[in-house]
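What's in work.cif: mmCIF, C-alpha atoms
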```cif
data_my_file
loop_
_atom_site.group_PDB
_atom_site.id
_atom_site.type_symbol
_atom_site.label_atom_id
_atom_site.label_comp_id
_atom_site.auth_asym_id
_atom_site.auth_seq_id
_atom_site.Cartn_x
_atom_site.Cartn_y
_atom_site.Cartn_z
ATOM 1 C CA MET A 1 13.447 -32.461 30.860
ATOM 2 C CA LYS A 2 14.120 -29.531 33.175
ATOM 3 C CA LEU A 3 17.347 -28.813 31.297
ATOM 4 C CA ASN A 4 15.517 -28.710 28.000
ATOM 5 C CA ARG A 5 12.942 -26.312 29.390
ATOM 6 C CA ARG A 6 15.693 -24.028 30.691
ATOM 7 C CA LEU A 7 17.392 -24.082 27.295
ATOM 8 C CA LEU A 8 14.106 -23.250 25.587
ATOM 9 C CA VAL A 9 13.442 -20.332 27.928
ATOM 10 C CA ALA A 10 16.996 -19.060 27.435
ATOM 11 C CA ALA A 11 16.665 -19.313 23.672
ATOM 12 C CA ILE A 12 13.392 -17.347 23.654
ATOM 13 C CA ALA A 13 14.884 -14.710 25.944
ATOM 14 C CA GLY A 14 17.863 -14.457 23.620
ATOM 15 C CA LEU A 15 15.615 -13.802 20.656
ATOM 16 C CA PHE A 16 13.873 -10.958 22.425
ATOM 17 C CA SER A 17 17.091 -9.449 23.739
ATOM 18 C CA THR A 18 18.906 -9.481 20.384
ATOM 19 C CA ALA A 19 16.051 -7.937 18.362
ATOM 20 C CA PRO A 20 16.409 -4.432 19.888
ATOM 21 C CA GLN A 21 20.191 -4.718 19.581
ATOM 22 C CA ALA A 22 19.853 -5.450 15.868
ATOM 23 C CA GLN A 23 17.606 -2.417 15.453
ATOM 24 C CA GLN A 24 20.003 -0.231 17.415
ATOM 25 C CA ALA A 25 22.866 -1.368 15.189
ATOM 26 C CA TRP A 26 21.292 0.365 12.191
ATOM 27 C CA PRO A 27 22.963 1.920 10.360
ATOM 28 C CA ALA A 28 26.103 -0.204 10.352
ATOM 29 C CA LYS A 29 27.320 1.296 7.064
ATOM 30 C CA SER A 30 26.660 4.233 4.764
ATOM 31 C CA VAL A 31 23.075 4.956 3.692
ATOM 32 C CA THR A 32 22.137 5.908 0.125
ATOM 33 C CA LEU A 33 19.701 8.729 -0.643
ATOM 34 C CA VAL A 34 18.596 8.461 -4.268
ATOM 35 C CA VAL A 35 17.828 11.696 -6.139
ATOM 36 C CA PRO A 36 15.931 11.397 -9.432
ATOM 37 C CA PHE A 37 17.471 14.489 -11.028
ATOM 38 C CA ALA A 38 20.871 15.818 -12.022
ATOM 39 C CA ALA A 39 23.550 16.910 -9.584
ATOM 40 C CA GLY A 40 23.402 20.635 -8.934
ATOM 41 C CA GLY A 41 19.672 20.909 -9.604
ATOM 42 C CA PRO A 42 17.211 22.218 -6.996
ATOM 43 C CA THR A 43 16.168 18.803 -5.633
ATOM 44 C CA ASP A 44 19.784 17.669 -5.523
ATOM 45 C CA VAL A 45 20.782 20.764 -3.540
ATOM 46 C CA VAL A 46 17.989 20.123 -1.034
ATOM 47 C CA ALA A 47 19.000 16.456 -0.773
ATOM 48 C CA ARG A 48 22.687 17.152 -0.201
ATOM 49 C CA THR A 49 21.940 19.808 2.408
ATOM 50 C CA LEU A 50 19.742 17.385 4.333
ATOM 51 C CA ALA A 51 22.131 14.449 3.847
ATOM 52 C CA ALA A 52 25.037 16.283 5.476
ATOM 53 C CA SER A 53 23.016 16.919 8.629
ATOM 54 C CA ILE A 54 21.336 13.492 8.708
ATOM 55 C CA SER A 55 24.798 11.902 8.531
ATOM 56 C CA LYS A 56 25.755 13.592 11.793
ATOM 57 C CA THR A 57 22.658 12.274 13.540
ATOM 58 C CA LEU A 58 22.953 8.699 12.263
ATOM 59 C CA GLY A 59 26.712 8.461 12.699
ATOM 60 C CA GLN A 60 27.121 7.133 9.159
ATOM 61 C CA THR A 61 27.607 8.867 5.826
ATOM 62 C CA VAL A 62 24.488 9.502 3.756
ATOM 63 C CA VAL A 63 25.596 9.170 0.144
ATOM 64 C CA VAL A 64 23.544 11.029 -2.475
ATOM 65 C CA GLU A 65 23.141 9.038 -5.680
ATOM 66 C CA ASN A 66 21.728 10.728 -8.786
ATOM 67 C CA LYS A 67 19.701 8.326 -10.898
ATOM 68 C CA LEU A 68 18.165 10.169 -13.849
ATOM 69 C CA GLY A 69 15.481 9.435 -16.368
ATOM 70 C CA ALA A 70 11.794 9.697 -17.289
ATOM 71 C CA GLY A 71 10.806 12.489 -14.925
ATOM 72 C CA GLY A 72 12.003 10.664 -11.834
ATOM 73 C CA THR A 73 10.261 7.354 -12.581
ATOM 74 C CA VAL A 74 13.544 5.509 -13.234
ATOM 75 C CA ALA A 75 14.803 6.352 -9.753
ATOM 76 C CA ALA A 76 11.431 5.621 -8.142
ATOM 77 C CA GLY A 77 11.265 2.205 -9.781
ATOM 78 C CA TYR A 78 14.818 1.465 -8.691
ATOM 79 C CA VAL A 79 14.031 2.274 -5.054
ATOM 80 C CA ALA A 80 10.749 0.354 -5.140
ATOM 81 C CA ARG A 81 12.749 -2.767 -6.111
ATOM 82 C CA ALA A 82 15.604 -2.175 -3.637
ATOM 83 C CA ALA A 83 16.129 -4.333 -0.579
ATOM 84 C CA PRO A 84 14.062 -3.046 2.366
ATOM 85 C CA ASP A 85 17.030 -3.114 4.700
ATOM 86 C CA GLY A 86 17.279 0.563 5.628
ATOM 87 C CA TYR A 87 20.183 1.388 3.350
ATOM 88 C CA THR A 88 18.253 2.878 0.422
ATOM 89 C CA PHE A 89 16.040 5.962 0.666
ATOM 90 C CA PHE A 90 14.518 8.225 -1.958
ATOM 91 C CA ILE A 91 13.737 11.930 -2.120
ATOM 92 C CA HIS A 92 11.319 13.197 -4.749
ATOM 93 C CA HIS A 93 9.156 16.237 -5.349
ATOM 94 C CA ASN A 94 5.652 16.640 -6.858
ATOM 95 C CA GLY A 95 6.588 14.198 -9.620
ATOM 96 C CA MET A 96 5.864 11.373 -7.183
ATOM 97 C CA ALA A 97 2.184 12.373 -7.413
ATOM 98 C CA THR A 98 1.908 13.391 -11.062
ATOM 99 C CA SER A 99 3.580 10.281 -12.481
ATOM 100 C CA THR A 100 0.357 8.292 -12.128
ATOM 101 C CA ALA A 101 -1.380 10.592 -14.618
ATOM 102 C CA LEU A 102 1.568 11.372 -16.894
ATOM 103 C CA TYR A 103 2.761 7.827 -17.540
ATOM 104 C CA ARG A 104 0.504 5.168 -19.015
ATOM 105 C CA LYS A 105 2.819 2.381 -17.875
ATOM 106 C CA LEU A 106 4.274 2.887 -14.426
ATOM 107 C CA ALA A 107 6.391 0.132 -12.874
ATOM 108 C CA TYR A 108 5.360 1.015 -9.329
ATOM 109 C CA ASN A 109 2.479 2.411 -7.310
ATOM 110 C CA PRO A 110 3.485 5.546 -5.363
ATOM 111 C CA LEU A 111 0.966 4.834 -2.609
ATOM 112 C CA THR A 112 1.588 1.121 -2.041
ATOM 113 C CA ASP A 113 5.169 0.315 -3.080
ATOM 114 C CA PHE A 114 6.983 2.555 -0.590
ATOM 115 C CA GLU A 115 7.272 3.261 3.106
ATOM 116 C CA PHE A 116 6.742 6.919 3.957
ATOM 117 C CA VAL A 117 9.398 8.687 6.018
ATOM 118 C CA SER A 118 8.740 12.433 6.080
ATOM 119 C CA GLN A 119 8.185 15.590 4.137
ATOM 120 C CA ALA A 120 11.002 18.102 4.333
ATOM 121 C CA VAL A 121 10.816 21.488 2.632
ATOM 122 C CA ASP A 122 8.535 23.373 0.281
ATOM 123 C CA VAL A 123 9.963 25.587 -2.444
ATOM 124 C CA PRO A 124 7.586 28.270 -3.742
ATOM 125 C CA MET A 125 7.208 29.026 -7.443
ATOM 126 C CA THR A 126 7.285 32.417 -9.130
ATOM 127 C CA LEU A 127 5.614 33.619 -12.330
ATOM 128 C CA LEU A 128 7.984 35.504 -14.634
ATOM 129 C CA ALA A 129 8.225 36.920 -18.130
ATOM 130 C CA ARG A 130 11.073 38.108 -20.307
ATOM 131 C CA LYS A 131 12.280 41.587 -19.416
ATOM 132 C CA ASP A 132 10.715 43.273 -22.458
ATOM 133 C CA PHE A 133 7.323 41.537 -22.229
ATOM 134 C CA PRO A 134 4.454 44.050 -22.691
ATOM 135 C CA ALA A 135 2.685 43.425 -19.370
ATOM 136 C CA ASN A 136 4.117 45.323 -16.384
ATOM 137 C CA ASN A 137 1.974 43.800 -13.619
ATOM 138 C CA PHE A 138 -0.251 40.804 -13.097
ATOM 139 C CA GLN A 139 -3.466 42.528 -14.114
ATOM 140 C CA GLU A 140 -1.881 43.586 -17.405
ATOM 141 C CA LEU A 141 -0.466 40.081 -17.839
ATOM 142 C CA ALA A 142 -3.860 38.421 -17.375
ATOM 143 C CA ALA A 143 -5.515 40.805 -19.831
ATOM 144 C CA TYR A 144 -2.757 40.417 -22.425
ATOM 145 C CA VAL A 145 -2.736 36.614 -22.187
ATOM 146 C CA LYS A 146 -6.510 36.396 -22.582
ATOM 147 C CA THR A 147 -6.526 38.574 -25.716
ATOM 148 C CA ASN A 148 -3.312 37.275 -27.328
ATOM 149 C CA PRO A 149 -2.958 33.585 -26.425
ATOM 150 C CA GLN A 150 -1.779 32.623 -29.907
ATOM 151 C CA LYS A 151 1.174 35.015 -29.643
ATOM 152 C CA ILE A 152 2.528 33.745 -26.328
ATOM 153 C CA ASN A 153 4.733 30.802 -25.504
ATOM 154 C CA LEU A 154 5.187 29.265 -22.100
ATOM 155 C CA ALA A 155 8.495 27.621 -21.209
ATOM 156 C CA ASN A 156 8.864 24.650 -18.903
ATOM 157 C CA ALA A 157 11.588 22.282 -17.725
ATOM 158 C CA GLY A 158 10.154 19.202 -19.429
ATOM 159 C CA LEU A 159 7.438 16.593 -19.031
ATOM 160 C CA GLY A 160 6.369 16.247 -15.427
ATOM 161 C CA ALA A 161 8.413 19.204 -14.200
ATOM 162 C CA VAL A 162 6.679 21.401 -11.654
ATOM 163 C CA SER A 163 7.181 24.328 -14.035
ATOM 164 C CA GLN A 164 4.986 22.457 -16.518
ATOM 165 C CA LEU A 165 2.336 21.806 -13.866
ATOM 166 C CA CYS A 166 2.373 25.450 -12.827
ATOM 167 C CA GLY A 167 1.944 26.475 -16.455
ATOM 168 C CA MET A 168 -1.003 24.104 -16.847
ATOM 169 C CA LEU A 169 -2.677 25.555 -13.762
ATOM 170 C CA PHE A 170 -2.057 29.102 -15.034
ATOM 171 C CA GLU A 171 -3.667 28.281 -18.400
ATOM 172 C CA ARG A 172 -6.600 26.651 -16.665
ATOM 173 C CA ALA A 173 -7.102 29.610 -14.327
ATOM 174 C CA LEU A 174 -7.253 32.044 -17.265
ATOM 175 C CA ASP A 175 -9.032 29.585 -19.592
ATOM 176 C CA VAL A 176 -6.437 29.906 -22.345
ATOM 177 C CA LYS A 177 -4.086 27.637 -24.271
ATOM 178 C CA LEU A 178 -0.547 28.889 -24.831
ATOM 179 C CA THR A 179 2.274 27.360 -26.865
ATOM 180 C CA ALA A 180 4.354 25.116 -24.611
ATOM 181 C CA VAL A 181 8.138 25.151 -25.082
ATOM 182 C CA PRO A 182 9.771 22.307 -23.129
ATOM 183 C CA PHE A 183 13.461 22.316 -22.169
ATOM 184 C CA GLN A 184 15.744 19.722 -20.610
ATOM 185 C CA GLY A 185 15.742 21.265 -17.178
ATOM 186 C CA THR A 186 15.174 24.562 -15.416
ATOM 187 C CA ALA A 187 18.545 26.104 -16.273
ATOM 188 C CA PRO A 188 18.084 26.114 -20.072
ATOM 189 C CA ALA A 189 14.488 27.296 -19.667
ATOM 190 C CA MET A 190 15.683 30.251 -17.588
ATOM 191 C CA ASN A 191 18.481 30.997 -20.056
ATOM 192 C CA ALA A 192 15.927 31.121 -22.853
ATOM 193 C CA LEU A 193 13.771 33.531 -20.845
ATOM 194 C CA LEU A 194 16.763 35.773 -20.103
ATOM 195 C CA GLY A 195 17.688 35.683 -23.775
ATOM 196 C CA GLY A 196 14.176 36.660 -24.854
ATOM 197 C CA GLN A 197 13.534 33.421 -26.770
ATOM 198 C CA VAL A 198 10.476 32.565 -24.652
ATOM 199 C CA ASP A 199 7.789 34.722 -23.066
ATOM 200 C CA ILE A 200 6.686 33.274 -19.729
ATOM 201 C CA LEU A 201 8.120 30.834 -17.208
ATOM 202 C CA CYS A 202 6.859 29.554 -13.870
ATOM 203 C CA ASP A 203 9.853 28.385 -11.857
ATOM 204 C CA GLN A 204 10.964 27.887 -8.279
ATOM 205 C CA THR A 205 12.621 30.433 -6.054
ATOM 206 C CA THR A 206 15.856 28.430 -5.857
ATOM 207 C CA GLN A 207 16.541 29.653 -9.382
ATOM 208 C CA THR A 208 14.467 32.800 -9.826
ATOM 209 C CA ILE A 209 15.250 34.962 -6.780
ATOM 210 C CA PRO A 210 18.657 36.123 -8.084
ATOM 211 C CA GLN A 211 17.125 37.081 -11.439
ATOM 212 C CA ILE A 212 14.197 38.868 -9.781
ATOM 213 C CA LYS A 213 16.454 40.866 -7.467
ATOM 214 C CA ALA A 214 18.786 41.750 -10.346
ATOM 215 C CA GLY A 215 15.852 43.024 -12.425
ATOM 216 C CA ASN A 216 16.591 40.624 -15.274
ATOM 217 C CA VAL A 217 12.965 39.470 -15.599
ATOM 218 C CA LYS A 218 9.450 40.775 -15.094
ATOM 219 C CA PHE A 219 8.008 39.314 -11.928
ATOM 220 C CA TYR A 220 4.271 38.943 -11.375
ATOM 221 C CA GLY A 221 3.896 37.081 -8.115
ATOM 222 C CA VAL A 222 4.460 33.939 -6.063
ATOM 223 C CA THR A 223 2.363 30.789 -6.254
ATOM 224 C CA THR A 224 1.721 30.226 -2.544
ATOM 225 C CA LYS A 225 -1.421 31.158 -0.642
ATOM 226 C CA SER A 226 0.571 33.415 1.689
ATOM 227 C CA ARG A 227 3.540 35.678 1.045
ATOM 228 C CA ILE A 228 6.949 34.108 1.499
ATOM 229 C CA LYS A 229 9.864 35.076 3.707
ATOM 230 C CA ALA A 230 12.334 35.242 0.834
ATOM 231 C CA LEU A 231 10.200 37.839 -1.008
ATOM 232 C CA PRO A 232 8.088 39.433 1.743
ATOM 233 C CA ASP A 233 6.866 42.346 -0.389
ATOM 234 C CA ALA A 234 5.860 40.223 -3.368
ATOM 235 C CA PRO A 235 2.114 39.612 -3.752
ATOM 236 C CA THR A 236 0.748 36.139 -4.340
ATOM 237 C CA LEU A 237 -1.206 35.239 -7.467
ATOM 238 C CA HIS A 238 -4.029 34.222 -5.136
ATOM 239 C CA GLU A 239 -4.348 37.715 -3.673
ATOM 240 C CA GLN A 240 -4.172 39.236 -7.160
ATOM 241 C CA GLY A 241 -7.218 37.399 -8.420
ATOM 242 C CA LEU A 242 -6.290 33.781 -9.156
ATOM 243 C CA LYS A 243 -8.261 32.390 -6.236
ATOM 244 C CA ASP A 244 -6.786 29.287 -4.595
ATOM 245 C CA PHE A 245 -3.868 29.260 -7.048
ATOM 246 C CA GLU A 246 -1.177 27.295 -5.249
ATOM 247 C CA VAL A 247 1.853 25.433 -6.568
ATOM 248 C CA VAL A 248 4.872 24.575 -4.451
ATOM 249 C CA VAL A 249 7.715 22.181 -5.031
ATOM 250 C CA TRP A 250 7.331 19.847 -2.065
ATOM 251 C CA HIS A 251 9.849 17.174 -1.149
ATOM 252 C CA GLY A 252 9.110 13.806 0.437
ATOM 253 C CA ILE A 253 11.457 11.052 1.623
ATOM 254 C CA TYR A 254 10.573 7.397 1.043
ATOM 255 C CA ALA A 255 11.988 3.892 1.545
ATOM 256 C CA PRO A 256 11.295 0.543 -0.147
ATOM 257 C CA LYS A 257 8.128 -1.191 1.027
ATOM 258 C CA GLY A 258 8.830 -3.460 3.964
ATOM 259 C CA THR A 259 11.610 -1.386 5.511
ATOM 260 C CA PRO A 260 11.265 -2.056 9.274
ATOM 261 C CA LYS A 261 9.300 0.515 11.242
ATOM 262 C CA PRO A 262 12.090 1.115 13.806
ATOM 263 C CA ILE A 263 14.359 2.167 10.922
ATOM 264 C CA ILE A 264 11.659 4.407 9.432
ATOM 265 C CA ASP A 265 11.122 5.989 12.851
ATOM 266 C CA ARG A 266 14.831 6.620 13.355
ATOM 267 C CA MET A 267 15.213 8.101 9.876
ATOM 268 C CA ASN A 268 12.187 10.293 10.520
ATOM 269 C CA ALA A 269 13.818 11.548 13.725
ATOM 270 C CA ALA A 270 17.050 12.244 11.818
ATOM 271 C CA VAL A 271 15.156 14.277 9.210
ATOM 272 C CA ARG A 272 13.414 16.255 11.940
ATOM 273 C CA ALA A 273 16.786 16.947 13.582
ATOM 274 C CA ALA A 274 18.211 18.096 10.244
ATOM 275 C CA LEU A 275 15.344 20.525 9.733
ATOM 276 C CA LYS A 276 16.129 22.070 13.136
ATOM 277 C CA ASP A 277 19.835 22.358 12.297
ATOM 278 C CA PRO A 278 20.681 26.103 12.051
ATOM 279 C CA ASP A 279 23.021 25.468 9.105
ATOM 280 C CA VAL A 280 20.249 23.681 7.229
ATOM 281 C CA GLY A 281 17.816 26.457 8.082
ATOM 282 C CA ARG A 282 20.148 29.133 6.729
ATOM 283 C CA ARG A 283 20.833 27.182 3.554
ATOM 284 C CA MET A 284 17.146 26.606 2.929
ATOM 285 C CA ALA A 285 16.383 30.261 3.541
ATOM 286 C CA ASP A 286 19.018 31.226 0.984
ATOM 287 C CA LEU A 287 17.234 28.970 -1.516
ATOM 288 C CA GLY A 288 13.831 30.430 -0.717
ATOM 289 C CA ALA A 289 12.801 27.017 0.631
ATOM 290 C CA GLU A 290 10.533 26.797 3.641
ATOM 291 C CA ILE A 291 10.636 23.995 6.212
ATOM 292 C CA VAL A 292 7.262 22.293 6.467
ATOM 293 C CA PRO A 293 5.215 22.399 9.693
ATOM 294 C CA ASP A 294 5.312 19.537 12.194
ATOM 295 C CA SER A 295 1.970 18.188 10.927
ATOM 296 C CA LYS A 296 3.654 17.215 7.652
ATOM 297 C CA LEU A 297 6.745 15.612 9.164
ATOM 298 C CA SER A 298 5.201 12.285 10.130
ATOM 299 C CA PRO A 299 5.045 9.294 7.766
ATOM 300 C CA GLU A 300 1.261 9.547 7.918
ATOM 301 C CA GLY A 301 1.438 13.235 7.022
ATOM 302 C CA LEU A 302 3.467 12.492 3.886
ATOM 303 C CA GLN A 303 1.147 9.662 2.859
ATOM 304 C CA THR A 304 -1.940 11.862 3.243
ATOM 305 C CA TRP A 305 -0.298 14.702 1.335
ATOM 306 C CA LEU A 306 0.783 12.451 -1.541
ATOM 307 C CA LYS A 307 -2.755 11.106 -1.913
ATOM 308 C CA SER A 308 -4.188 14.645 -1.976
ATOM 309 C CA GLU A 309 -1.665 15.716 -4.635
ATOM 310 C CA ILE A 310 -2.502 12.705 -6.810
ATOM 311 C CA ASP A 311 -6.175 13.646 -6.555
ATOM 312 C CA LYS A 312 -5.422 17.302 -7.339
ATOM 313 C CA TRP A 313 -3.170 16.942 -10.366
ATOM 314 C CA GLY A 314 -4.589 13.822 -11.991
ATOM 315 C CA PRO A 315 -7.698 15.477 -13.483
ATOM 316 C CA ILE A 316 -5.744 18.564 -14.577
ATOM 317 C CA ILE A 317 -3.098 16.520 -16.398
ATOM 318 C CA ARG A 318 -5.587 14.131 -18.005
ATOM 319 C CA ALA A 319 -7.676 17.048 -19.257
ATOM 320 C CA THR A 320 -4.687 18.324 -21.239
ATOM 321 C CA GLY A 321 -4.062 14.972 -22.917
ATOM 322 C CA THR A 322 -0.411 15.082 -21.859
ATOM 323 C CA PHE A 323 1.008 11.567 -21.564
ATOM 324 C CA ALA A 324 4.300 9.757 -21.817
ATOM 325 C CA ASP A 325 4.633 6.138 -22.912
#
```

Written as structure tokens, that's how I'd like the structure from this file.
Amino acid sequence: MKLNRRLLVAAIAGLFSTAPQAQQAWPAKSVTLVVPFAAGGPTDVVARTLAASISKTLGQTVVVENKLGAGGTVAAGYVARAAPDGYTFFIHHNGMATSTALYRKLAYNPLTDFEFVSQAVDVPMTLLARKDFPANNFQELAAYVKTNPQKINLANAGLGAVSQLCGMLFERALDVKLTAVPFQGTAPAMNALLGGQVDILCDQTTQTIPQIKAGNVKFYGVTTKSRIKALPDAPTLHEQGLKDFEVVVWHGIYAPKGTPKPIIDRMNAAVRAALKDPDVGRRMADLGAEIVPDSKLSPEGLQTWLKSEIDKWGPIIRATGTFAD
């Protein structure tokens, strides 16, 4: 009887001693970071920059996998169904919040079907027009748009793109309806603006800063509440009269629901370390991206932010009647 008791105690002790070892063993192989957009695009560039630094911290390669389709919902659904073993993560921008309003049938719930890891960087947006557009500053732009809405088209990078959301908010702020011209991505939308085929585009600094500095477009302001480091002399739309106008491309990192908390915590620490990496900081600065404050780096911070973005964009999107099946 005493022998059996000793064996039982030893077995229990073994269970408790091996659990931390199993957690410490993660990751034992490469980790996949799923990106819902094409290679070379803004989100992909952010993901690959972070992945290179996270790999150094974890001691295993972080492989970026591009899984395209339906405004990011294909990739999100894939990750929601993935094994919660710590080897699949997901990075997405504002589309994680807007999908609930844009898509009538969504195969996942952004708030309940994922574990939250961290936010990472914000990328400001800029409001531009073709080089020969009549308005030379924001005040002239607002006046011209209000008196000539039927003459103006507004480009975007497709359904659910942040450029589309920015355009919606711009129309709402000025109480106008412009002709939307969707493209398959930001690059063709910008090419159309440079070629004079479209009038106005709201797009992120990762793509627009070179064109602004080269004088290839008319530039009316940035979409953040405060001025940005990449364009310190550029006024915000908020300070020029569009009160509380704010649109940024924010990026969050997620894992399948049920991924163990010790793994989430270690991945969170790896993301934080990446954001303090000088090479990452320089690369993000070159892109016009800004690393988020510490208050947004916790899993709880990302969850709270996602909920607030769902609440913000849902009514705006539904009011336009813009849906995808």

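Rounded to one decimal, atom CA of A:Gly167 and atom CA of A:Phe183 lie 13.5 Å from each other.
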
Please write the residues picked by the PyMOL selection byres ((chain A and resi 118) around 9) on this file as JSON, numbers by chain.
-> {"A": [116, 117, 119, 120, 251, 252, 253, 254, 267, 268, 271, 272, 296, 297, 298, 299, 300, 301, 302, 303]}

As a CSV table (one decimal) with C-alpha atoms, in the coordinates of the input, please: the residues near A:Trp313 (cut-off 12 Å, only C-alpha atoms, same-chain neighbours under 5 positions excluded).
```
chain,number,residue,atom,x,y,z
A,94,ASN,CA,5.7,16.6,-6.9
A,95,GLY,CA,6.6,14.2,-9.6
A,96,MET,CA,5.9,11.4,-7.2
A,97,ALA,CA,2.2,12.4,-7.4
A,98,THR,CA,1.9,13.4,-11.1
A,99,SER,CA,3.6,10.3,-12.5
A,100,THR,CA,0.4,8.3,-12.1
A,101,ALA,CA,-1.4,10.6,-14.6
A,102,LEU,CA,1.6,11.4,-16.9
A,160,GLY,CA,6.4,16.2,-15.4
A,162,VAL,CA,6.7,21.4,-11.7
A,164,GLN,CA,5.0,22.5,-16.5
A,165,LEU,CA,2.3,21.8,-13.9
A,166,CYS,CA,2.4,25.4,-12.8
A,168,MET,CA,-1.0,24.1,-16.8
A,169,LEU,CA,-2.7,25.6,-13.8
A,246,GLU,CA,-1.2,27.3,-5.2
A,247,VAL,CA,1.9,25.4,-6.6
A,306,LEU,CA,0.8,12.5,-1.5
A,307,LYS,CA,-2.8,11.1,-1.9
A,308,SER,CA,-4.2,14.6,-2.0
A,318,ARG,CA,-5.6,14.1,-18.0
A,319,ALA,CA,-7.7,17.0,-19.3
A,320,THR,CA,-4.7,18.3,-21.2
A,322,THR,CA,-0.4,15.1,-21.9
```

Residue IDs satisfying the PyMOL selection byres ((chain A and resi 146-152) around 7), as an mmCIF file with C-alpha atoms, in the frame of the given file:
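Contents of the output file part-v2.cif:
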```cif
data_model
loop_
_atom_site.group_PDB
_atom_site.id
_atom_site.type_symbol
_atom_site.label_atom_id
_atom_site.label_comp_id
_atom_site.auth_asym_id
_atom_site.auth_seq_id
_atom_site.Cartn_x
_atom_site.Cartn_y
_atom_site.Cartn_z
ATOM 1 C CA ALA A 142 -3.860 38.421 -17.375
ATOM 2 C CA ALA A 143 -5.515 40.805 -19.831
ATOM 3 C CA TYR A 144 -2.757 40.417 -22.425
ATOM 4 C CA VAL A 145 -2.736 36.614 -22.187
ATOM 5 C CA ASN A 153 4.733 30.802 -25.504
ATOM 6 C CA LEU A 154 5.187 29.265 -22.100
ATOM 7 C CA LEU A 174 -7.253 32.044 -17.265
ATOM 8 C CA VAL A 176 -6.437 29.906 -22.345
ATOM 9 C CA LYS A 177 -4.086 27.637 -24.271
ATOM 10 C CA LEU A 178 -0.547 28.889 -24.831
ATOM 11 C CA THR A 179 2.274 27.360 -26.865
ATOM 12 C CA ASP A 199 7.789 34.722 -23.066
#
```

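The smallest atom-to-atom distance between A:Gly241 and any of A:Lys229, A:Tyr220, A:Pro27, A:Tyr108, using all atoms listed in the file, is found for A:Tyr220.
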
For A:Ser163, work out the shell of residues within 7 Å, counting all atoms listed in the file and skipping chain neighbours fewer than 5 positions away, then give it as JSON, numbers by chain.
-> {"A": [156, 157, 202, 203]}

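For the pair atom CA of A:Thr32 and atom CA of A:Gly288, the separation is 25.9 Å.
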
Which protein, DNA or RNA residues have an atom at most 6 Å from (11.4, 36.6, -17.2), counting only C-alpha atoms? List them as an NGL selection string.
-> :A and (128-131 or 193 or 217-218)

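The residue that comes closest to A:Ala255, out of A:Glu115, A:Asp44, A:Glu140, A:Asp85 and on the basis of all atoms listed in the file, is A:Glu115.
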
In Å to one decimal, how far is atom CA of A:Pro232 from atom CA of A:Ile212?
-> 13.1 Å

Let me know the residues the PyMOL selection byres ((chain A and resi 58-64) around 6) catches in the file above, as a PyMOL selection string.
-> chain A and resi 30-34+51+55-57+65

Excluding A:Leu68 and residues on its chain fewer than 6 positions from it, collect all residues at most 9 Å away from it, counting only C-alpha atoms, and give them as number ranges by chain.
-> A: 35-38, 74-75

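With only C-alpha atoms as the basis for measurement, A:Thr224 is the residue among A:Asn137, A:Thr126, A:Thr208, A:Thr224 that approaches A:Glu290 most closely.
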
Rank nothing, just name the residue among A:Ala25, A:Val121, A:Val79, A:Ala70 nearest to A:Gly281, using all atoms listed in the file.
-> A:Val121
